[in-house]
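The structure file upload05.cif is reproduced below (mmCIF, C-alpha atoms).
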```cif
data_my_file
#
loop_
_atom_site.label_atom_id
_atom_site.label_comp_id
_atom_site.auth_asym_id
_atom_site.auth_seq_id
_atom_site.Cartn_x
_atom_site.Cartn_y
_atom_site.Cartn_z
CA MET B 1 -17.07 11.74 14.31
CA ASN B 2 -16.59 9.00 16.86
CA LYS B 3 -19.91 7.39 16.15
CA ILE B 4 -19.16 7.29 12.45
CA GLU B 5 -15.73 5.85 13.09
CA GLY B 6 -17.31 3.11 15.17
CA VAL B 7 -19.63 2.26 12.27
CA ILE B 8 -16.71 2.22 9.87
CA VAL B 9 -14.66 -0.08 12.09
CA GLN B 10 -17.53 -2.56 12.26
CA LEU B 11 -18.11 -2.39 8.53
CA MET B 12 -14.46 -2.95 7.80
CA GLY B 13 -14.35 -5.94 10.09
CA ALA B 14 -17.28 -7.50 8.24
CA ARG B 15 -15.60 -6.85 4.91
CA GLN B 16 -12.35 -8.37 6.02
CA ARG B 17 -14.05 -11.51 7.23
CA ALA B 18 -15.80 -11.77 3.87
CA GLY B 19 -12.69 -11.68 1.72
CA PHE B 20 -8.92 -11.45 1.37
CA LYS B 21 -8.12 -14.99 2.28
CA LYS B 22 -5.62 -17.03 0.36
CA GLN B 23 -6.48 -20.57 1.26
CA GLU B 24 -4.11 -23.28 0.32
CA SER B 25 -5.55 -25.65 -2.22
CA PRO B 26 -5.35 -29.36 -1.47
CA ARG B 27 -3.80 -29.42 -4.92
CA ASP B 28 -0.44 -28.37 -3.45
CA THR B 29 -0.31 -31.47 -1.27
CA GLN B 30 -1.24 -33.71 -4.20
CA LEU B 31 1.45 -32.11 -6.34
CA LEU B 32 4.03 -32.69 -3.65
CA GLU B 33 3.05 -36.34 -3.34
CA ARG B 34 3.55 -36.74 -7.09
CA ILE B 35 6.85 -34.85 -6.97
CA ALA B 36 8.05 -37.27 -4.28
CA VAL B 37 7.75 -40.05 -6.88
CA ARG B 38 9.59 -37.94 -9.49
CA ASP B 39 6.64 -36.67 -11.52
CA ALA B 40 8.19 -33.82 -13.54
CA LYS B 41 4.82 -32.58 -14.77
CA ALA B 42 3.63 -32.05 -11.21
CA PHE B 43 6.90 -30.31 -10.45
CA GLU B 44 6.44 -27.96 -13.39
CA GLU B 45 2.94 -27.11 -12.23
CA LEU B 46 4.16 -26.36 -8.71
CA TYR B 47 7.04 -24.31 -10.11
CA ARG B 48 4.74 -22.21 -12.28
CA GLN B 49 2.46 -21.62 -9.32
CA TYR B 50 5.18 -20.55 -6.89
CA GLN B 51 7.73 -18.85 -9.14
CA PRO B 52 6.15 -15.35 -9.11
CA ARG B 53 5.50 -15.36 -5.36
CA LEU B 54 8.97 -16.65 -4.54
CA ALA B 55 10.70 -14.22 -6.90
CA ARG B 56 9.00 -11.32 -5.19
CA PHE B 57 9.77 -12.67 -1.73
CA LEU B 58 13.41 -13.43 -2.54
CA VAL B 59 14.22 -10.10 -4.09
CA ASN B 60 13.34 -8.59 -0.72
CA ILE B 61 16.03 -10.75 0.84
CA VAL B 62 18.83 -10.86 -1.73
CA LYS B 63 18.03 -7.54 -3.42
CA ARG B 64 19.90 -8.50 -6.60
CA PRO B 65 17.56 -9.50 -9.43
CA GLN B 66 20.31 -11.54 -11.09
CA LEU B 67 20.66 -13.62 -7.91
CA VAL B 68 16.94 -14.25 -7.49
CA GLU B 69 16.67 -16.80 -10.29
CA GLU B 70 19.59 -18.77 -8.92
CA VAL B 71 18.25 -18.84 -5.36
CA LEU B 72 14.73 -19.57 -6.58
CA ASN B 73 15.92 -22.52 -8.64
CA ASP B 74 18.04 -23.81 -5.74
CA THR B 75 14.89 -23.61 -3.61
CA MET B 76 12.83 -25.54 -6.12
CA MET B 77 15.58 -28.13 -6.56
CA ALA B 78 15.47 -28.64 -2.80
CA VAL B 79 11.69 -29.11 -3.08
CA TRP B 80 12.25 -31.64 -5.89
CA SER B 81 14.76 -33.66 -3.95
CA THR B 82 13.15 -33.55 -0.50
CA ALA B 83 9.43 -33.66 -1.35
CA GLY B 84 9.34 -37.15 0.10
CA ASN B 85 10.28 -35.75 3.52
CA PHE B 86 7.25 -33.48 3.68
CA ARG B 87 5.02 -34.84 6.43
CA GLY B 88 2.24 -32.27 6.32
CA ALA B 89 3.07 -30.77 9.71
CA SER B 90 2.77 -27.36 8.07
CA LYS B 91 1.17 -26.04 4.91
CA VAL B 92 3.02 -26.74 1.68
CA SER B 93 3.41 -23.00 1.09
CA THR B 94 4.96 -22.52 4.54
CA TRP B 95 7.37 -25.37 3.89
CA ILE B 96 8.43 -24.00 0.49
CA PHE B 97 8.81 -20.42 1.74
CA ALA B 98 10.91 -21.66 4.66
CA ILE B 99 13.30 -23.34 2.21
CA ALA B 100 13.38 -20.17 0.11
CA TYR B 101 14.10 -18.04 3.17
CA ARG B 102 17.03 -20.23 4.23
CA GLN B 103 18.43 -20.28 0.69
CA GLY B 104 18.02 -16.51 0.44
CA VAL B 105 19.82 -15.84 3.71
CA LYS B 106 22.64 -18.17 2.67
CA ALA B 107 23.00 -16.44 -0.70
CA ARG B 108 23.03 -13.03 0.92
CA MET B 109 25.83 -14.05 3.25
CA ARG B 110 27.84 -15.50 0.38
CA TRP B 111 27.65 -12.28 -1.56
CA ASP B 112 29.38 -9.59 0.39
CA GLU B 113 29.83 -7.05 -2.42
CA PRO B 114 28.13 -3.77 -1.46
CA LEU B 115 24.70 -3.23 -2.92
CA PRO B 116 23.78 -0.38 -5.20
CA ASP B 117 21.84 2.27 -3.38
CA LEU B 118 18.33 2.90 -4.46
CA PRO B 119 18.22 5.65 -7.07
CA ASP B 120 18.09 9.17 -5.78
CA ASN B 121 14.66 10.50 -6.17
CA ASP B 122 15.58 13.63 -8.08
CA GLN B 123 12.00 14.73 -8.42
CA GLN B 124 11.70 15.08 -4.70
CA SER B 125 14.01 18.07 -4.53
CA SER B 126 12.75 21.17 -2.78
CA GLU B 127 12.46 22.85 -6.17
CA ALA B 128 9.53 20.69 -7.22
CA GLY B 129 6.30 22.64 -7.66
CA PRO B 130 3.35 22.04 -5.35
CA GLU B 131 1.54 19.76 -7.78
CA GLU B 132 4.65 17.75 -8.39
CA GLN B 133 5.30 17.47 -4.69
CA LEU B 134 1.77 16.31 -4.11
CA HIS B 135 2.14 13.74 -6.84
CA ASN B 136 5.41 12.49 -5.41
CA ARG B 137 4.01 12.33 -1.94
CA ARG B 138 1.28 10.09 -3.29
CA SER B 139 3.65 8.10 -5.48
CA HIS B 140 5.60 5.09 -4.48
CA GLY B 141 8.92 6.88 -4.31
CA ALA B 142 8.73 7.29 -0.57
CA LEU B 143 7.65 3.72 0.06
CA VAL B 144 10.45 2.41 -2.17
CA LYS B 145 13.02 4.40 -0.22
CA ALA B 146 11.61 3.36 3.12
CA MET B 147 11.56 -0.32 2.09
CA GLY B 148 15.17 -0.02 0.93
CA ALA B 149 16.13 1.30 4.35
CA LEU B 150 14.67 -1.70 6.19
CA SER B 151 16.72 -4.79 6.99
CA ALA B 152 16.18 -7.89 4.85
CA ASP B 153 14.38 -9.65 7.72
CA HIS B 154 12.03 -6.71 8.21
CA ARG B 155 11.29 -6.62 4.48
CA ALA B 156 10.65 -10.36 4.51
CA VAL B 157 8.09 -10.03 7.33
CA VAL B 158 6.36 -7.13 5.57
CA ASP B 159 6.13 -9.05 2.29
CA LEU B 160 4.95 -12.27 3.91
CA THR B 161 2.25 -10.34 5.77
CA TYR B 162 0.92 -7.84 3.26
CA PHE B 163 1.56 -9.59 -0.03
CA GLN B 164 1.83 -13.30 0.60
CA GLY B 165 -1.10 -13.24 3.04
CA MET B 166 0.63 -15.23 5.79
CA GLY B 167 -0.34 -15.20 9.46
CA TYR B 168 2.25 -14.48 12.15
CA ARG B 169 2.55 -18.17 13.13
CA GLU B 170 3.36 -19.19 9.55
CA ILE B 171 5.89 -16.38 9.27
CA ALA B 172 7.59 -17.53 12.48
CA GLU B 173 7.79 -21.02 11.02
CA ILE B 174 9.20 -19.78 7.71
CA MET B 175 11.83 -17.60 9.34
CA GLY B 176 12.58 -20.04 12.13
CA CYS B 177 12.10 -17.48 14.87
CA PRO B 178 9.71 -16.94 17.83
CA ILE B 179 6.26 -15.49 17.17
CA ASP B 180 7.08 -12.45 19.28
CA THR B 181 10.04 -11.68 17.05
CA VAL B 182 7.73 -11.64 14.02
CA LYS B 183 5.34 -9.26 15.76
CA THR B 184 8.14 -6.97 16.89
CA ARG B 185 9.75 -6.89 13.45
CA MET B 186 6.41 -6.07 11.88
CA PHE B 187 5.73 -3.38 14.45
CA HIS B 188 9.02 -1.59 13.79
CA ALA B 189 8.80 -1.98 10.03
CA ARG B 190 5.28 -0.54 9.96
CA ARG B 191 6.30 2.42 12.04
CA LYS B 192 8.99 3.33 9.53
CA LEU B 193 6.79 2.71 6.50
CA LYS B 194 3.74 4.52 7.84
CA ALA B 195 5.80 7.62 8.45
CA VAL B 196 6.11 8.01 4.67
CA ILE B 197 2.64 6.94 3.57
CA PRO B 198 0.17 9.78 3.04
CA GLY B 199 -3.32 9.55 4.46
CA GLU B 200 -2.21 9.00 8.03
CA ALA B 201 -5.11 8.87 10.39
CA GLY B 202 -7.37 11.77 10.89
CA ASP B 203 -7.76 13.24 7.43
CA TRP B 204 -11.37 12.41 7.25
CA VAL B 205 -12.54 15.77 6.10
CA MET F 1 -1.64 -14.77 23.68
CA ASN F 2 -4.08 -15.10 26.53
CA ASP F 3 -1.57 -13.89 29.05
CA PRO F 4 -3.51 -11.40 31.20
CA SER F 5 -0.33 -9.37 31.73
CA ILE F 6 -0.46 -8.30 28.07
CA ASN F 7 -1.91 -4.86 27.66
CA PRO F 8 -4.90 -5.06 25.23
CA HIS F 9 -3.78 -1.88 23.49
CA ASP F 10 -0.27 -3.16 22.85
CA GLU F 11 -1.64 -6.48 21.70
CA ALA F 12 -4.14 -4.89 19.28
CA GLU F 13 -1.45 -2.56 17.95
CA GLU F 14 0.79 -5.53 17.18
CA LEU F 15 -1.96 -7.60 15.60
CA LEU F 16 -3.48 -4.92 13.35
CA PRO F 17 -1.54 -5.95 10.21
CA TRP F 18 -3.01 -9.44 10.35
CA TYR F 19 -6.41 -8.06 11.28
CA VAL F 20 -6.29 -6.03 8.06
CA THR F 21 -5.27 -9.04 5.97
CA GLY F 22 -7.89 -11.27 7.61
CA LYS F 23 -5.27 -13.66 8.99
CA LEU F 24 -6.11 -13.64 12.70
CA ASP F 25 -7.78 -16.58 14.35
CA ALA F 26 -11.19 -15.99 15.92
CA ALA F 27 -9.90 -15.36 19.45
CA ASP F 28 -7.29 -12.81 18.37
CA ARG F 29 -9.79 -11.12 16.09
CA GLU F 30 -12.40 -10.78 18.80
CA ARG F 31 -9.93 -9.18 21.18
CA VAL F 32 -8.74 -6.76 18.50
CA GLU F 33 -12.30 -5.83 17.54
CA LYS F 34 -13.32 -5.33 21.15
CA HIS F 35 -10.36 -3.03 21.70
CA LEU F 36 -11.02 -1.17 18.44
CA THR F 37 -14.50 -0.18 19.55
CA GLU F 38 -13.07 1.60 22.58
CA CYS F 39 -9.72 3.01 21.36
CA THR F 40 -9.70 5.93 18.94
CA ALA F 41 -5.91 5.73 18.59
CA CYS F 42 -6.20 2.16 17.30
CA GLN F 43 -9.09 3.15 15.01
CA ALA F 44 -6.79 5.76 13.48
CA ASP F 45 -3.97 3.23 13.36
CA LEU F 46 -6.26 0.80 11.56
CA ARG F 47 -6.93 3.35 8.82
CA ALA F 48 -3.22 4.01 8.45
CA GLU F 49 -2.61 0.28 8.41
CA ARG F 50 -5.10 -0.23 5.59
CA ALA F 51 -3.51 2.58 3.59
CA LEU F 52 -0.08 1.00 4.04
CA ALA F 53 -1.25 -2.51 3.15
CA ALA F 54 -2.94 -1.18 0.00
CA GLU F 55 0.12 0.84 -0.99
CA TYR F 56 2.35 -2.16 -0.44
CA ARG F 57 0.30 -4.41 -2.68
CA ASP F 58 0.98 -1.97 -5.54
CA TYR F 59 4.69 -1.97 -4.81
CA SER F 60 6.89 -4.24 -6.89
CA PRO F 61 10.25 -5.07 -5.29
CA GLU F 62 11.38 -6.87 -8.46
CA VAL F 63 10.91 -3.73 -10.56
CA GLU F 64 12.60 -1.58 -7.93
CA ALA F 65 15.61 -3.88 -7.63
CA SER F 66 16.00 -4.20 -11.40
CA TRP F 67 15.64 -0.47 -11.85
CA ALA F 68 18.19 0.23 -9.10
CA SER F 69 20.79 -1.86 -10.89
CA LEU F 70 19.95 -0.47 -14.34
CA ARG F 71 19.93 3.07 -12.97
CA GLN F 72 23.52 2.59 -11.86
CA ARG F 73 24.54 1.91 -15.45
CA LEU F 74 23.11 5.25 -16.58
CA GLY F 75 25.81 7.05 -14.64
CA PRO F 76 25.49 10.35 -12.86
CA THR F 77 24.85 12.59 -15.90
CA ALA F 78 21.29 11.55 -16.55
CA SER F 79 19.99 12.45 -13.16
CA HIS F 80 19.05 16.08 -13.87
CA PRO F 81 17.11 16.20 -17.13
CA VAL F 82 15.66 19.58 -16.12
CA ALA F 83 19.06 21.34 -16.26
CA ALA F 84 18.08 23.19 -19.46
CA ASN F 85 14.94 24.44 -17.81
CA SER F 86 16.83 25.70 -14.78
CA ASN F 87 19.12 27.77 -17.02
CA TRP F 88 16.14 29.21 -18.78
CA TRP F 89 14.58 30.10 -15.47
CA HIS F 90 17.75 31.71 -14.13
CA SER F 91 18.07 33.86 -17.26
CA MET F 92 14.62 35.24 -16.43
CA SER F 93 16.14 37.09 -13.52
CA ARG F 94 17.91 39.44 -15.98
CA PRO F 95 15.41 42.31 -16.57
CA ALA F 96 15.99 42.70 -20.34
CA VAL F 97 15.59 39.01 -21.00
CA ALA F 98 12.61 38.80 -18.69
CA GLY F 99 10.92 41.77 -20.42
CA LEU F 100 11.47 40.34 -23.88
CA MET F 101 10.21 36.96 -22.89
CA ALA F 102 7.20 38.43 -21.13
CA ALA F 103 6.28 40.35 -24.31
CA GLN F 104 6.60 37.21 -26.42
CA LEU F 105 4.58 35.29 -23.95
CA ALA F 106 1.85 37.93 -23.98
CA VAL F 107 1.51 37.67 -27.77
CA VAL F 108 1.30 33.93 -27.63
CA VAL F 109 -1.30 34.08 -24.91
CA MET F 110 -3.46 36.60 -26.74
CA THR F 111 -3.36 34.80 -30.06
CA ALA F 112 -4.42 31.70 -28.25
CA GLY F 113 -7.44 33.59 -26.96
CA THR F 114 -6.90 32.50 -23.42
CA VAL F 115 -6.93 35.94 -21.78
CA ASN F 116 -10.36 35.40 -20.32
CA TYR F 117 -9.27 32.14 -18.86
CA LEU F 118 -6.26 33.74 -17.20
CA ASN F 119 -8.44 36.47 -15.70
CA GLN F 120 -10.53 33.95 -13.90
CA PRO F 121 -9.61 33.34 -10.28
CA PRO F 122 -7.50 30.20 -10.02
CA ALA F 123 -9.54 27.10 -9.46
CA ALA F 124 -9.10 25.61 -6.03
CA TYR F 125 -6.75 22.67 -6.37
CA ARG F 126 -8.32 19.80 -4.58
CA ALA F 127 -6.70 16.42 -4.47
CA LEU F 128 -8.48 13.28 -3.42
CA GLY F 129 -8.01 12.81 0.26
CA SER F 130 -6.39 16.16 0.87
CA ALA F 131 -7.54 18.24 3.75
CA PRO F 132 -8.62 21.89 3.71
CA VAL F 133 -11.71 22.21 1.61
CA THR F 134 -14.17 24.82 0.55
CA ALA F 135 -17.55 23.13 0.97
CA THR F 136 -18.81 21.98 4.33
CA ALA F 137 -18.78 18.24 4.67
CA ASN F 138 -22.15 16.95 5.78
CA ALA F 139 -22.29 13.35 4.64
CA VAL F 140 -20.08 10.31 4.26
CA VAL F 141 -20.59 7.41 1.87
CA ILE F 142 -18.81 4.11 1.29
CA PHE F 143 -19.27 2.30 -2.00
CA GLN F 144 -18.86 -1.39 -2.70
CA PRO F 145 -15.22 -1.98 -3.68
CA GLN F 146 -16.15 -3.15 -7.18
CA THR F 147 -18.19 -0.03 -8.01
CA HIS F 148 -17.09 1.50 -11.30
CA GLU F 149 -16.08 5.11 -11.52
CA ASP F 150 -18.98 5.96 -13.86
CA GLN F 151 -21.54 4.41 -11.48
CA LEU F 152 -20.00 6.31 -8.61
CA ARG F 153 -20.09 9.56 -10.54
CA ALA F 154 -23.71 9.01 -11.61
CA LEU F 155 -24.78 8.34 -8.02
CA LEU F 156 -23.04 11.45 -6.73
CA ASN F 157 -24.53 13.59 -9.51
CA ALA F 158 -28.02 12.21 -8.90
CA SER F 159 -27.70 13.09 -5.22
CA GLY F 160 -26.61 16.64 -5.98
CA ALA F 161 -23.53 15.79 -3.93
CA GLU F 162 -20.23 17.55 -4.20
CA LEU F 163 -17.09 15.59 -3.35
CA VAL F 164 -15.34 17.22 -0.42
CA GLY F 165 -12.74 14.57 0.28
CA GLY F 166 -11.80 10.98 0.06
CA PRO F 167 -11.37 8.23 -0.59
CA THR F 168 -10.17 8.09 2.99
CA ASP F 169 -8.23 5.16 4.32
CA ALA F 170 -11.56 3.50 5.01
CA ASP F 171 -12.49 4.05 1.33
CA ALA F 172 -15.10 6.55 2.46
CA TYR F 173 -16.04 9.60 0.40
CA VAL F 174 -16.85 12.77 2.27
CA LEU F 175 -19.59 14.81 0.60
CA HIS F 176 -21.44 18.06 0.70
CA ILE F 177 -25.12 17.69 -0.17
CA PRO F 178 -27.36 20.80 -0.15
CA SER F 179 -29.11 20.64 3.23
CA GLU F 180 -32.64 20.58 1.82
CA ARG F 181 -31.80 17.51 -0.26
CA ARG F 182 -29.59 15.69 2.19
CA THR F 183 -32.09 13.41 3.94
CA ALA F 184 -33.72 12.28 0.71
CA ALA F 185 -30.38 11.91 -1.10
CA LEU F 186 -28.90 9.75 1.66
CA ALA F 187 -32.03 7.61 1.83
CA SER F 188 -31.87 6.94 -1.90
CA LEU F 189 -28.12 6.26 -1.74
CA ARG F 190 -28.72 3.70 1.01
CA ASN F 191 -31.14 1.86 -1.25
CA ARG F 192 -28.54 1.42 -3.94
CA PRO F 193 -26.75 -1.93 -4.10
CA GLU F 194 -23.45 -0.13 -4.81
CA VAL F 195 -23.61 1.69 -1.47
CA VAL F 196 -22.29 0.08 1.71
CA MET F 197 -23.01 3.03 3.94
CA ALA F 198 -24.36 6.56 3.62
CA GLU F 199 -24.57 8.63 6.77
CA PRO F 200 -25.02 12.29 7.63
CA ILE F 201 -22.28 14.08 9.48
CA ASP F 202 -22.88 17.41 11.01
CA GLY F 203 -20.67 20.46 10.77
CA GLN F 204 -16.97 20.35 10.18
CA ALA F 205 -14.83 17.65 11.62
CA SER F 206 -13.76 18.42 15.10
#
```
Please, can you express the file's structure as structure tokens?
Amino acid sequence: MNKIEGVIVQLMGARQRAGFKKQESPRDTQLLERIAVRDAKAFEELYRQYQPRLARFLVNIVKRPQLVEEVLNDTMMAVWSTAGNFRGASKVSTWIFAIAYRQGVKARMRWDEPLPDLPDNDQQSSEAGPEEQLHNRRSHGALVKAMGALSADHRAVVDLTYFQGMGYREIAEIMGCPIDTVKTRMFHARRKLKAVIPGEAGDWV
Amino acid sequence: MNDPSINPHDEAEELLPWYVTGKLDAADRERVEKHLTECTACQADLRAERALAAEYRDYSPEVEASWASLRQRLGPTASHPVAANSNWWHSMSRPAVAGLMAAQLAVVVMTAGTVNYLNQPPAAYRALGSAPVTATANAVVIFQPQTHEDQLRALLNASGAELVGGPTDADAYVLHIPSERRTAALASLRNRPEVVMAEPIDGQAS
């Protein structure tokens, strides 16, 4: 099987180079320039573009859906009022996510009420039949639980990597931490998540 | 990153997530790829990594967080909707009840004309990607990601191929093709635009 695996690895590399890249559009920079001179239309466009990504990212940090809108709007208000300070040293997306991260961490610290636990996954009891167990194993229940067990910073790194398509340098910039910290956080988070994902290496045949 | 004291294995292991998402710069990527060609543990890790990345993209933290808070409002009573079923099942342990219910069940089954079906040996339950299998795997094929299910099915049928497993983490399908048809079937699969790779594999996986 080794020869085949070698072929697969090469093929996958080629496929990855071909796609899955989220390039920043120069549009973001133009929008920010217009926002700096108080162009509300440009601001609305930027808001509509970033709202879904930021909401997803922030819920990983603050966990409470009702808090996400508040933190997201605080983030965008900060973008509105400080757009003129953006000097293009980083990508616009990195700059915005860094503001969101700081706002999210602040909000989390402010809110010290204990969080609801994730729902018990009743279906995963030992009484479930084999088909049901198989279905559950393949379902997201396990991933949801494992994500819930990670720290907010680990969840943030996972989301920025897998969903937001950020590189480790951008993530370090967003979270204001060394590159090695990003890599270590990702390494530990993956180890916990992979333990619950079916299809672990080796089930070729 | 070019520190020679860094073990290439450790480095590749750390960088795999960004290799999978295509976010490594050229130098990092080359080092990871070089290491991947010589490390079977990292090849396996890469497959697991791809499975995780794919699973994560389907995961919605907003839905989970909203559901967690709504679920709290339901209270504890709604968590076991199968309670009625459990009672029914427990009552089956009483012989008289069990006998009566078995008789009723038999009538229902016979009127439904499904006796022949029940006499058949149970079909092997085979899930995509699950391991032990009945047919011997002797070929592996990878389709273009955008291939539709009906195209995929037509190609497999035309090759006389039986699906043994997959999709694996590498999106590969493991097939059994009757040995006399295998060479020709793989050659024709390779000529199809939907097919990225079609290769023979011999015997069971070691």
What residues in chain F have any atom no more than 8 Å from chain B when counting only C-alpha atoms, and can you write them as a VMD selection string? chain F and resid 14 to 15 17 to 24 33 36 to 37 40 43 to 45 47 to 49 51 to 53 55 to 57 59 to 62 64 to 66 68 to 69 71 to 72 79 to 80 129 to 133 137 164 to 166 168 to 170 174 199 201 204 to 206
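The two atoms in question, atom CA of B:Phe86 and atom CA of B:Arg53, are spaced 20.3 Å apart.
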Show me a table, sorted first by chain and then by increasing residue number, of the residues of stretch 169-202 of chain F having an atom at most 8 Å from stretch 138-147 of chain F, each with its shortest atom pair and the distance in Å to one decimal, counting only C-alpha atoms and written as a tab-separated table.
```
residue	atom	partner	partner_atom	distance
F:Asp171	CA	F:Ile142	CA	6.3
F:Ala172	CA	F:Ile142	CA	4.6
F:Tyr173	CA	F:Val141	CA	5.3
F:Val174	CA	F:Val140	CA	4.5
F:Leu175	CA	F:Ala139	CA	5.1
F:His176	CA	F:Asn138	CA	5.2
F:Ile177	CA	F:Asn138	CA	6.7
F:Glu194	CA	F:Gln144	CA	5.2
F:Val195	CA	F:Phe143	CA	4.4
F:Val196	CA	F:Phe143	CA	5.3
F:Met197	CA	F:Ile142	CA	5.1
F:Ala198	CA	F:Val141	CA	4.2
F:Glu199	CA	F:Val140	CA	5.4
F:Pro200	CA	F:Ala139	CA	4.2
F:Ile201	CA	F:Asn138	CA	4.7
F:Asp202	CA	F:Asn138	CA	5.3
```
Please identify all polymer residues lying at most 10 Å from the point (9.5, -32.4, -7.8) (file coordinates), using only C-alpha atoms, and present the result as number ranges by chain. B: 31-47, 76-84
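Distance-wise, atom CA of F:Asp25 and atom CA of B:Glu173 end up 16.5 Å apart.
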Can you tell me, as a PyMOL selection string, what residues are no more than 9 Å from B:Met175 when counting only C-alpha atoms, ignoring any on the same chain fewer than 3 positions away? chain B and resi 97-98+101-102+153+156-157+170-172+178+182
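Straight-line separation from atom CA of B:Gln49 to atom CA of B:Gln103: 18.9 Å.
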Test item: residues at most 8 Å from F:Leu189, all atoms listed in the file, excluding those fewer than 3 positions along its chain, as a VMD selection string: chain F and resid 155 159 185 to 186 192 195 198
Could you give me the centre and size, in Å to one decimal, of an axis-aligned box around all listed atoms of stretch 139-153 of chain F with 5 Å added on every side, as AutoDock Vina command-line options?
```
--center_x -18.8 --center_y 5.1 --center_z -4.6 --size_x 17.1 --size_y 26.5 --size_z 28.5
```
